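Engineer: Next up is a structure, given as structure tokens.
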Amino acid sequence: MSALDFYTLFRLNSILHPRMGNKILLKAFCLWALTCFLLPASSNGLVRIGLKKRHLDLQTIKDARIARQEGKAGVGASSRVHDLGSSDGDIIPLKNYLDAQYLGEIGIGSPPQNFTVVFDTGSSNLWVPSSKCYFSIACYFHSKYKSSRSSTYTKNGNFCEIHYGSGSVSGFFSQDNVQVGDLVVKDQVFVEATKEGSLSFILGKFDGILGLGFQEISVGNVVPLWYNMIQQDLVDDEVFSFWLNRNPEAKEGGELVFGGVDPKHFKGKHTYVPVTQKGYWQINMGDFLIGKHSTGLCEGGCAAIVDSGTSLLAGPTPIITEINHAIGAEGLVSAECKEVVSHYGDLIWELIISGVQPSKVCTQLGLCIFNEAKSARTGIESVVEKENKEKSSAGNDLPCTACQMLVIWVQNQLREKATKETAINYLDKLCESLPSPMGQSSIDCNSISTMPNITFTIGDKPFSLTPEQYILKTGEGIAQVCISGFMALDVPPPRGPLWILGDVFMGAYHTIFDYGNLEVGFAEAA
């Protein structure tokens with residue numbers, strides 16, 4: 001398992017805990033081998049922060065396994081050009097790590113104290129370690145904010161505790177000026193972390209998180225830094241945009257532009273879709289295709305969160321499994337899945353053929369027994385609780401989960417007009433491509449050229465990813481390892497099915513976050 005996979009599992013768990021701050025933990029696990037930033041430089045009125053890259057190696061993968069043992073994870077459009085000017089906003093170049101993580105530098109206080117942070121559209125708080133953090137080892141490995149050295153510091157002192165899967169970050173709120181590029185946001189409330197209770201913060205080479213999500217998910221209902229940029233008239237347009245450079249050999253890791261876009265980093269026009277639920281940058285997505293074949297799962301629409309803090313692409317286990325099968329990824333051979341195919345495959349087929357509602361099939365077979373009212377009420381949180389249970393107790397739900405996947409796969413086979421015998425054999429093979437519990441899926445690097453494109457439908461337009469775009473490579477020569485850019489994430493209705501469009505997607509498509517019009521725009525990255 002790579003550090004990337006480990007990071008993303010925790011990151012997805014954080015998506016499922018919108019008020020708990022679990023985002024912080026997940027971001028830690030893939031950011032811990034990043035290199036130092038170069039000093040900022042200015043040209044043409046734009047602020048640029050130099051970037052360096054570092055590749056993931058096999059020792060990093062081993063270290064991630066150690067981290068795993070320390071703590072287990074339980075996450076109608078139109079095409080047009082917005083008049084955003086050219087690149088008149090503040091540009092924050094980003095550091096690229098394994099085409100997976102992108103960081104930048106900010107300053108807090110007067111004079112500014114520098115911190116390396118994650119610019120995260122999946123959270124809304126700003127936090128950095130405090131000089132008053134005495135008893136957490138992680139604080140001794142990172143830059144710490146010293147309020148006594150800032151002439152613009154204002155005491156707040158209210159306690160803040162952010163919970164996540166295997167620990168918590170706690171501290172207190174403070175207020176000070178925050179410099180982002182050439183912009184100075186005055187009187188920003190942020191968290192001084194005095195306790196970081198996880199191995200992830202020791203391993204992490206970042207200091208803190210700068211959230212770019214909505215205030216609805218801000219811990220303590222703190223006004224996010226981006227909101228204050230707008231309220232203090234620091235930006236001309238209420239937008240920010242990401243360009244993530246996916247070329248591992250390039251010097252530039254990427255750019256984050258506040259108040260505009262940089263036209264040299266995209267081709268053609270952006271396709272815009274509305275934000276469907278404030279909190280995360282959540283949009284609606286249509287059908288999903290593997291090669292030229294529809295999976296059928298999102299024909300009626302699926303929710304998708306556009307998240308710069310998630311490395312990979314995450315989606316429902318049945319579809320991720322079909323992708324794994326199509327690209328030859330090796331996952332966990334699930335005995336439970338094969339057992340359900342063996343004992344219930346014929347019955348599932350017959351029940352669906354006879355007209356039984358697919359959502360009722362597993363209940364009628366007695367494999368899924370749950371309180372539907374409670375499930376609808378708790379929504380995503382119930383998934384997190386299940387993910388965080390011990391393996392022994394979670395194992396009781398595996399037959400139900402396997403049955404639900406088989407129902408989706410049977411529907412796909414019926415759509416392809418397959419015979420029952422062919423379908424049952426196919427289902428048994430799919431069981432062998434199930435993602436492992438920690439989400440890793442390795443593939444043969446020599447087979448990339450034969451893999452299919454994966455296509456998302458957004459705003460009634462196709463957005464395709466080539467194998468070169470959704471496969472991550474580490475190492476060189478015989479030591480090279482290739483990792484699937486897809487992770488499994490299961491969220492039940494009414495919130496699900498849910499997709500997370502992380503850096504794998506954002507690397508292929510330049511992304512505009514339009515706060516003024518509550519839209520997200522995508523165009524081919526240049």
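Please note that chains go A, B, ... in the order of the structure tokens, that every chain numbers its residues from 1, and that ligands are numbered from 1 in the order shown.
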Show which residues sit within 10 Å of Lys338 of chain A, as a ChimeraX atom specification. Count only C-alpha atoms, and ignore same-chain residues fewer than 3 positions away.

Structural biologist: /A:333-335,341-345,399,402,427-432

Engineer: Can you write out the residues you just picked, keeping C-alpha atoms, as a PDB file, in the first residue's frame?

Structural biologist:
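Below is the file that was written, again10.pdb:
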```
ATOM      1  CA  VAL A 333     -10.044 -11.459  -3.338  1.00  0.00           C
ATOM      2  CA  SER A 334     -13.290 -11.297  -1.405  1.00  0.00           C
ATOM      3  CA  ALA A 335     -14.441 -14.678  -0.123  1.00  0.00           C
ATOM      4  CA  VAL A 341     -22.393 -15.172  -5.941  1.00  0.00           C
ATOM      5  CA  SER A 342     -22.334 -18.917  -5.362  1.00  0.00           C
ATOM      6  CA  HIS A 343     -25.394 -19.059  -3.093  1.00  0.00           C
ATOM      7  CA  TYR A 344     -27.502 -16.135  -4.264  1.00  0.00           C
ATOM      8  CA  GLY A 345     -26.360 -15.257  -7.808  1.00  0.00           C
ATOM      9  CA  PRO A 399     -22.785 -10.201   2.827  1.00  0.00           C
ATOM     10  CA  ALA A 402     -21.638  -7.923  -1.524  1.00  0.00           C
ATOM     11  CA  LEU A 427     -19.708 -11.523 -11.288  1.00  0.00           C
ATOM     12  CA  ASP A 428     -17.376 -14.139  -9.855  1.00  0.00           C
ATOM     13  CA  LYS A 429     -14.428 -12.552 -11.674  1.00  0.00           C
ATOM     14  CA  LEU A 430     -15.407  -9.098 -10.482  1.00  0.00           C
ATOM     15  CA  CYS A 431     -15.176 -10.340  -6.905  1.00  0.00           C
ATOM     16  CA  GLU A 432     -11.456 -10.809  -7.486  1.00  0.00           C
TER      17      GLU A 432
END
```

Engineer: Quick one: contact table of segment 266-295 of chain A to segment 505-513 of chain A, 9 Å max, nearest atom pair and distance in Å to one decimal per residue, counting only C-alpha atoms, chain and number order, as a tab-separated table?

Structural biologist:
```
residue	atom	partner	partner_atom	distance
A:Phe266	CA	A:His510	CA	6.0
A:Lys267	CA	A:His510	CA	8.7
A:His270	CA	A:Ile512	CA	8.3
A:Tyr272	CA	A:Ile512	CA	8.7
A:Trp281	CA	A:Phe513	CA	8.0
```

Engineer: Can you write just those residues out, C-alpha atoms, as a compact mmCIF listing (two decimals), in the first residue's frame?

Structural biologist:
```txt
# COMPACT_ATOMS: atom_id res chain seq x y z
CA PHE A 266 -6.43 25.92 -20.06
CA LYS A 267 -7.75 25.33 -23.56
CA HIS A 270 -15.07 26.18 -19.35
CA TYR A 272 -20.00 25.41 -15.71
CA TRP A 281 -18.10 22.38 -3.60
```

Engineer: Could you pull out the strand (DSSP E or B) residues of segment 230-360 of chain A, going by DSSP on the backbone, and write them as an NGL selection string?

Structural biologist: :A and (239-244 or 254-258 or 266-274 or 277 or 282-285 or 288-290 or 293-294 or 302-306 or 313-315 or 330)

Engineer: Residues of segment 66-304 of chain A in alpha helix (DSSP H) according to DSSP, as a list in words?

Structural biologist: Ile66, Ala67, Arg68, Gln69, Glu70, Leu199, Ser200, Phe201, Ile202, Leu203, Leu225, Trp226, Tyr227, Asn228, Met229, Ile230 and Gln231 of chain A

Engineer: Using the selection just defined, write its residues with N, CA and C atoms as a short mmCIF file (atom, residue, chain, number, x, y, z; two decimals), in the first residue's frame.

Structural biologist:
```
data_model
loop_
_atom_site.label_atom_id
_atom_site.label_comp_id
_atom_site.auth_asym_id
_atom_site.auth_seq_id
_atom_site.Cartn_x
_atom_site.Cartn_y
_atom_site.Cartn_z
N ILE A 66 3.45 1.26 8.21
CA ILE A 66 3.64 1.45 9.65
C ILE A 66 2.59 2.41 10.18
N ALA A 67 2.36 3.47 9.42
CA ALA A 67 1.35 4.45 9.84
C ALA A 67 -0.02 3.80 9.91
N ARG A 68 -0.28 2.91 8.97
CA ARG A 68 -1.58 2.23 8.95
C ARG A 68 -1.78 1.43 10.24
N GLN A 69 -0.73 0.79 10.72
CA GLN A 69 -0.83 0.00 11.94
C GLN A 69 -1.08 0.88 13.16
N GLU A 70 -0.60 2.13 13.10
CA GLU A 70 -0.76 3.02 14.23
C GLU A 70 -2.19 3.53 14.35
N LEU A 199 -0.08 10.05 14.44
CA LEU A 199 1.19 9.85 13.77
C LEU A 199 1.26 10.62 12.46
N SER A 200 0.11 10.86 11.85
CA SER A 200 0.09 11.54 10.56
C SER A 200 0.72 12.92 10.63
N PHE A 201 0.56 13.61 11.74
CA PHE A 201 1.10 14.96 11.86
C PHE A 201 2.61 14.94 12.09
N ILE A 202 3.11 13.83 12.60
CA ILE A 202 4.56 13.69 12.74
C ILE A 202 5.18 13.47 11.37
N LEU A 203 4.55 12.62 10.57
CA LEU A 203 5.07 12.28 9.25
C LEU A 203 4.87 13.41 8.25
N LEU A 225 -11.14 32.28 5.40
CA LEU A 225 -10.23 33.28 4.87
C LEU A 225 -10.68 33.78 3.51
N TRP A 226 -11.19 32.90 2.66
CA TRP A 226 -11.64 33.31 1.34
C TRP A 226 -12.78 34.31 1.43
N TYR A 227 -13.70 34.12 2.38
CA TYR A 227 -14.79 35.06 2.57
C TYR A 227 -14.24 36.45 2.91
N ASN A 228 -13.24 36.47 3.79
CA ASN A 228 -12.67 37.75 4.20
C ASN A 228 -11.91 38.43 3.07
N MET A 229 -11.30 37.65 2.18
CA MET A 229 -10.68 38.24 1.00
C MET A 229 -11.70 39.06 0.21
N ILE A 230 -12.89 38.50 0.06
CA ILE A 230 -13.96 39.17 -0.69
C ILE A 230 -14.47 40.38 0.08
N GLN A 231 -14.76 40.19 1.37
CA GLN A 231 -15.33 41.27 2.17
C GLN A 231 -14.38 42.44 2.32
#
```

Engineer: Calculate how many Å separate atom CA of Cys403 of chain A from atom CA of Pro358 of chain A, rounding to one decimal.

Structural biologist: 10.5 Å

Engineer: Give me the residues near Asp236 of chain A as a list in words, where near means some atom within 8 Å (using only C-alpha atoms) and where sequence neighbours in that chain fewer than 2 positions away do not count.

Structural biologist: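 So the residues in contact are Gly89, Asp233, Leu234, Glu238, Gly259 and Gly260 of chain A.
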
Engineer: If you keep C-alpha atoms, can you produce a file of those selected residues as a CSV table (one decimal), in the first residue's frame?

Structural biologist:
```csv
chain,number,residue,atom,x,y,z
A,89,GLY,CA,-5.4,37.8,-9.4
A,233,ASP,CA,-12.1,43.9,-1.4
A,234,LEU,CA,-8.8,42.2,-1.9
A,238,GLU,CA,-15.3,36.3,-6.5
A,259,GLY,CA,-9.6,36.6,-8.0
A,260,GLY,CA,-9.2,35.4,-11.5
```

Engineer: Would you compute the distance between atom CA of Ala523 of chain A and atom CA of Phe258 of chain A? Give it in Å to one decimal.

Structural biologist: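 The value is 17.5 Å.
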
Engineer: For atom CA of Glu252 of chain A and atom CA of Lys264 of chain A, quote the distance in Å rounded to one decimal.

Structural biologist: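 Atom-to-atom, atom CA of Glu252 of chain A and atom CA of Lys264 of chain A are spaced 13.4 Å apart.
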
Engineer: Write out as a VMD selection string each polymer residue whose atoms come within 9 Å of Phe463 of chain A, counting only C-alpha atoms; drop sequence neighbours fewer than 2 positions from it.

Structural biologist: chain A and resid 454 to 458 461 465 509 522 524

Engineer: Create the file for the chosen residues now, containing all heavy atoms and written as a compact mmCIF listing (two decimals), in the first residue's frame.

Structural biologist:
```txt
# COMPACT_ATOMS: atom_id res chain seq x y z
N ILE A 454 -11.73 6.53 -19.14
CA ILE A 454 -12.82 6.60 -18.17
C ILE A 454 -13.47 7.97 -18.34
O ILE A 454 -12.78 9.00 -18.31
CB ILE A 454 -12.31 6.43 -16.73
CG1 ILE A 454 -11.53 5.12 -16.58
CG2 ILE A 454 -13.47 6.51 -15.75
CD1 ILE A 454 -12.35 3.88 -16.83
N THR A 455 -14.79 7.99 -18.51
CA THR A 455 -15.47 9.25 -18.86
C THR A 455 -16.54 9.61 -17.84
O THR A 455 -17.40 8.79 -17.50
CB THR A 455 -16.11 9.15 -20.25
OG1 THR A 455 -15.09 8.82 -21.21
CG2 THR A 455 -16.77 10.46 -20.64
N PHE A 456 -16.47 10.85 -17.37
CA PHE A 456 -17.50 11.43 -16.51
C PHE A 456 -18.38 12.35 -17.36
O PHE A 456 -17.88 13.05 -18.24
CB PHE A 456 -16.87 12.26 -15.39
CG PHE A 456 -16.01 11.48 -14.44
CD1 PHE A 456 -14.69 11.19 -14.77
CD2 PHE A 456 -16.51 11.05 -13.23
CE1 PHE A 456 -13.89 10.47 -13.89
CE2 PHE A 456 -15.72 10.34 -12.34
CZ PHE A 456 -14.41 10.05 -12.68
N THR A 457 -19.66 12.37 -17.08
CA THR A 457 -20.57 13.28 -17.76
C THR A 457 -20.92 14.41 -16.80
O THR A 457 -21.56 14.19 -15.77
CB THR A 457 -21.85 12.57 -18.22
OG1 THR A 457 -21.51 11.46 -19.05
CG2 THR A 457 -22.75 13.52 -19.00
N ILE A 458 -20.48 15.62 -17.15
CA ILE A 458 -20.72 16.79 -16.32
C ILE A 458 -21.30 17.89 -17.21
O ILE A 458 -20.72 18.24 -18.23
CB ILE A 458 -19.42 17.29 -15.66
CG1 ILE A 458 -18.82 16.18 -14.78
CG2 ILE A 458 -19.68 18.55 -14.82
CD1 ILE A 458 -17.46 16.55 -14.18
N LYS A 461 -21.80 17.03 -20.85
CA LYS A 461 -20.63 16.92 -21.70
C LYS A 461 -19.68 15.88 -21.13
O LYS A 461 -19.57 15.72 -19.92
CB LYS A 461 -19.92 18.28 -21.82
CG LYS A 461 -20.73 19.31 -22.58
CD LYS A 461 -19.88 20.51 -22.93
CE LYS A 461 -20.63 21.48 -23.84
NZ LYS A 461 -19.79 22.61 -24.25
N LEU A 465 -10.79 10.73 -18.99
CA LEU A 465 -9.45 10.57 -18.46
C LEU A 465 -8.79 9.41 -19.18
O LEU A 465 -9.35 8.32 -19.27
CB LEU A 465 -9.49 10.28 -16.96
CG LEU A 465 -10.05 11.37 -16.04
CD1 LEU A 465 -10.08 10.87 -14.60
CD2 LEU A 465 -9.24 12.64 -16.15
N TYR A 509 -8.21 18.70 -15.78
CA TYR A 509 -9.13 19.78 -16.12
C TYR A 509 -8.94 20.97 -15.19
O TYR A 509 -9.13 20.87 -13.98
CB TYR A 509 -10.58 19.27 -16.07
CG TYR A 509 -10.85 18.23 -17.12
CD1 TYR A 509 -10.81 16.87 -16.81
CD2 TYR A 509 -11.08 18.60 -18.45
CE1 TYR A 509 -11.02 15.91 -17.80
CE2 TYR A 509 -11.28 17.65 -19.43
CZ TYR A 509 -11.25 16.31 -19.10
OH TYR A 509 -11.44 15.35 -20.08
N PHE A 522 -15.04 23.70 -15.59
CA PHE A 522 -13.96 22.79 -15.99
C PHE A 522 -13.59 23.05 -17.45
O PHE A 522 -14.47 23.20 -18.30
CB PHE A 522 -14.37 21.33 -15.83
CG PHE A 522 -14.83 20.95 -14.46
CD1 PHE A 522 -16.18 20.88 -14.16
CD2 PHE A 522 -13.92 20.67 -13.45
CE1 PHE A 522 -16.61 20.52 -12.90
CE2 PHE A 522 -14.33 20.32 -12.19
CZ PHE A 522 -15.68 20.24 -11.90
N GLU A 524 -10.22 21.85 -20.36
CA GLU A 524 -9.02 21.04 -20.54
C GLU A 524 -7.79 21.81 -20.11
O GLU A 524 -7.57 22.95 -20.52
CB GLU A 524 -8.88 20.61 -21.99
CG GLU A 524 -7.69 19.69 -22.25
CD GLU A 524 -7.54 19.31 -23.71
OE1 GLU A 524 -8.44 19.66 -24.50
OE2 GLU A 524 -6.53 18.67 -24.05
```

Engineer: Hey, which bits of segment 471-508 of chain A sit within 10 Å of segment 296-315 of chain A, and for each residue what's the closest pair of atoms and how far apart in Å (one decimal), counting only C-alpha atoms, rows by chain and increasing number, as a tab-separated table?

Structural biologist:
```
residue	atom	partner	partner_atom	distance
A:Ile471	CA	A:Leu312	CA	9.8
A:Leu472	CA	A:Leu312	CA	9.5
A:Ser484	CA	A:Leu312	CA	8.6
A:Gly485	CA	A:Leu312	CA	5.2
A:Phe486	CA	A:Leu313	CA	4.8
A:Met487	CA	A:Ala314	CA	4.5
A:Ala488	CA	A:Gly315	CA	5.3
A:Leu489	CA	A:Gly315	CA	5.0
A:Asp490	CA	A:Gly315	CA	6.9
A:Val491	CA	A:Gly315	CA	8.9
A:Pro494	CA	A:Ala303	CA	9.9
A:Arg495	CA	A:Ala303	CA	7.3
A:Gly496	CA	A:Ala303	CA	6.6
A:Pro497	CA	A:Cys302	CA	5.7
A:Leu498	CA	A:Ala303	CA	4.9
A:Trp499	CA	A:Ala304	CA	4.4
A:Ile500	CA	A:Ile305	CA	4.9
A:Leu501	CA	A:Val306	CA	4.8
A:Gly502	CA	A:Thr310	CA	4.7
A:Asp503	CA	A:Ser311	CA	4.9
A:Val504	CA	A:Leu312	CA	5.4
A:Phe505	CA	A:Leu313	CA	7.0
A:Met506	CA	A:Ser308	CA	7.5
A:Gly507	CA	A:Ser308	CA	9.7
```

Engineer: Mind writing the picked residues with N, CA, C and O atoms as a CSV table (one decimal), in the first residue's frame?

Structural biologist:
```
chain,number,residue,atom,x,y,z
A,471,ILE,N,-3.6,6.8,-14.0
A,471,ILE,CA,-2.6,5.9,-13.3
A,471,ILE,C,-1.4,6.7,-12.8
A,471,ILE,O,-0.8,7.5,-13.5
A,472,LEU,N,-1.1,6.5,-11.5
A,472,LEU,CA,0.0,7.1,-10.9
A,472,LEU,C,1.2,6.2,-10.9
A,472,LEU,O,1.1,5.0,-10.6
A,484,SER,N,-3.6,2.5,-9.3
A,484,SER,CA,-4.9,3.0,-9.9
A,484,SER,C,-5.2,4.3,-9.2
A,484,SER,O,-5.1,4.5,-8.0
A,485,GLY,N,-5.7,5.3,-10.0
A,485,GLY,CA,-6.2,6.6,-9.4
A,485,GLY,C,-7.6,6.6,-8.9
A,485,GLY,O,-8.1,7.6,-8.6
A,486,PHE,N,-8.2,5.4,-8.7
A,486,PHE,CA,-9.5,5.3,-8.2
A,486,PHE,C,-9.6,4.6,-6.9
A,486,PHE,O,-8.9,3.6,-6.6
A,487,MET,N,-10.5,5.1,-6.0
A,487,MET,CA,-10.7,4.6,-4.7
A,487,MET,C,-12.2,4.3,-4.5
A,487,MET,O,-13.0,4.9,-5.1
A,488,ALA,N,-12.5,3.4,-3.6
A,488,ALA,CA,-13.9,3.0,-3.4
A,488,ALA,C,-14.4,3.9,-2.2
A,488,ALA,O,-13.7,4.1,-1.2
A,489,LEU,N,-15.6,4.4,-2.4
A,489,LEU,CA,-16.3,5.2,-1.4
A,489,LEU,C,-17.8,4.9,-1.5
A,489,LEU,O,-18.4,5.2,-2.6
A,490,ASP,N,-18.4,4.4,-0.5
A,490,ASP,CA,-19.9,4.1,-0.6
A,490,ASP,C,-20.7,4.9,0.4
A,490,ASP,O,-20.5,4.9,1.6
A,491,VAL,N,-21.5,5.7,-0.2
A,491,VAL,CA,-22.4,6.6,0.5
A,491,VAL,C,-23.9,6.3,0.1
A,491,VAL,O,-24.2,6.3,-1.1
A,494,PRO,N,-30.0,9.3,1.0
A,494,PRO,CA,-30.2,10.3,-0.1
A,494,PRO,C,-29.0,11.0,-0.5
A,494,PRO,O,-29.0,11.7,-1.6
A,495,ARG,N,-27.9,11.0,0.2
A,495,ARG,CA,-26.7,11.7,-0.1
A,495,ARG,C,-25.9,11.0,-1.2
A,495,ARG,O,-25.2,11.7,-2.0
A,496,GLY,N,-26.0,9.7,-1.3
A,496,GLY,CA,-25.2,9.0,-2.3
A,496,GLY,C,-26.1,8.5,-3.5
A,496,GLY,O,-27.3,8.7,-3.4
A,497,PRO,N,-25.5,7.9,-4.5
A,497,PRO,CA,-24.1,7.6,-4.6
A,497,PRO,C,-23.3,8.9,-4.7
A,497,PRO,O,-23.8,9.9,-5.3
A,498,LEU,N,-22.1,8.9,-4.2
A,498,LEU,CA,-21.3,10.1,-4.2
A,498,LEU,C,-19.9,9.9,-4.8
A,498,LEU,O,-19.3,8.8,-4.5
A,499,TRP,N,-19.5,10.8,-5.6
A,499,TRP,CA,-18.1,10.8,-6.2
A,499,TRP,C,-17.3,11.9,-5.6
A,499,TRP,O,-17.8,13.0,-5.3
A,500,ILE,N,-16.0,11.7,-5.4
A,500,ILE,CA,-15.0,12.7,-5.1
A,500,ILE,C,-14.1,12.9,-6.2
A,500,ILE,O,-13.4,12.0,-6.6
A,501,LEU,N,-14.2,14.1,-6.8
A,501,LEU,CA,-13.3,14.5,-7.9
A,501,LEU,C,-12.1,15.2,-7.3
A,501,LEU,O,-12.1,16.4,-7.1
A,502,GLY,N,-11.0,14.4,-7.1
A,502,GLY,CA,-9.8,14.9,-6.5
A,502,GLY,C,-8.8,15.3,-7.5
A,502,GLY,O,-9.1,15.7,-8.7
A,503,ASP,N,-7.5,15.3,-7.1
A,503,ASP,CA,-6.5,15.9,-7.9
A,503,ASP,C,-6.2,15.1,-9.2
A,503,ASP,O,-5.7,15.7,-10.2
A,504,VAL,N,-6.6,13.9,-9.3
A,504,VAL,CA,-6.4,13.1,-10.6
A,504,VAL,C,-7.3,13.8,-11.6
A,504,VAL,O,-6.9,14.0,-12.8
A,505,PHE,N,-8.5,14.2,-11.2
A,505,PHE,CA,-9.4,14.8,-12.2
A,505,PHE,C,-9.0,16.3,-12.4
A,505,PHE,O,-9.0,16.8,-13.5
A,506,MET,N,-8.7,17.0,-11.3
A,506,MET,CA,-8.4,18.4,-11.4
A,506,MET,C,-7.1,18.6,-12.2
A,506,MET,O,-6.8,19.7,-12.7
A,507,GLY,N,-6.2,17.6,-12.2
A,507,GLY,CA,-5.0,17.7,-13.0
A,507,GLY,C,-5.2,17.7,-14.4
A,507,GLY,O,-4.5,18.3,-15.2
```
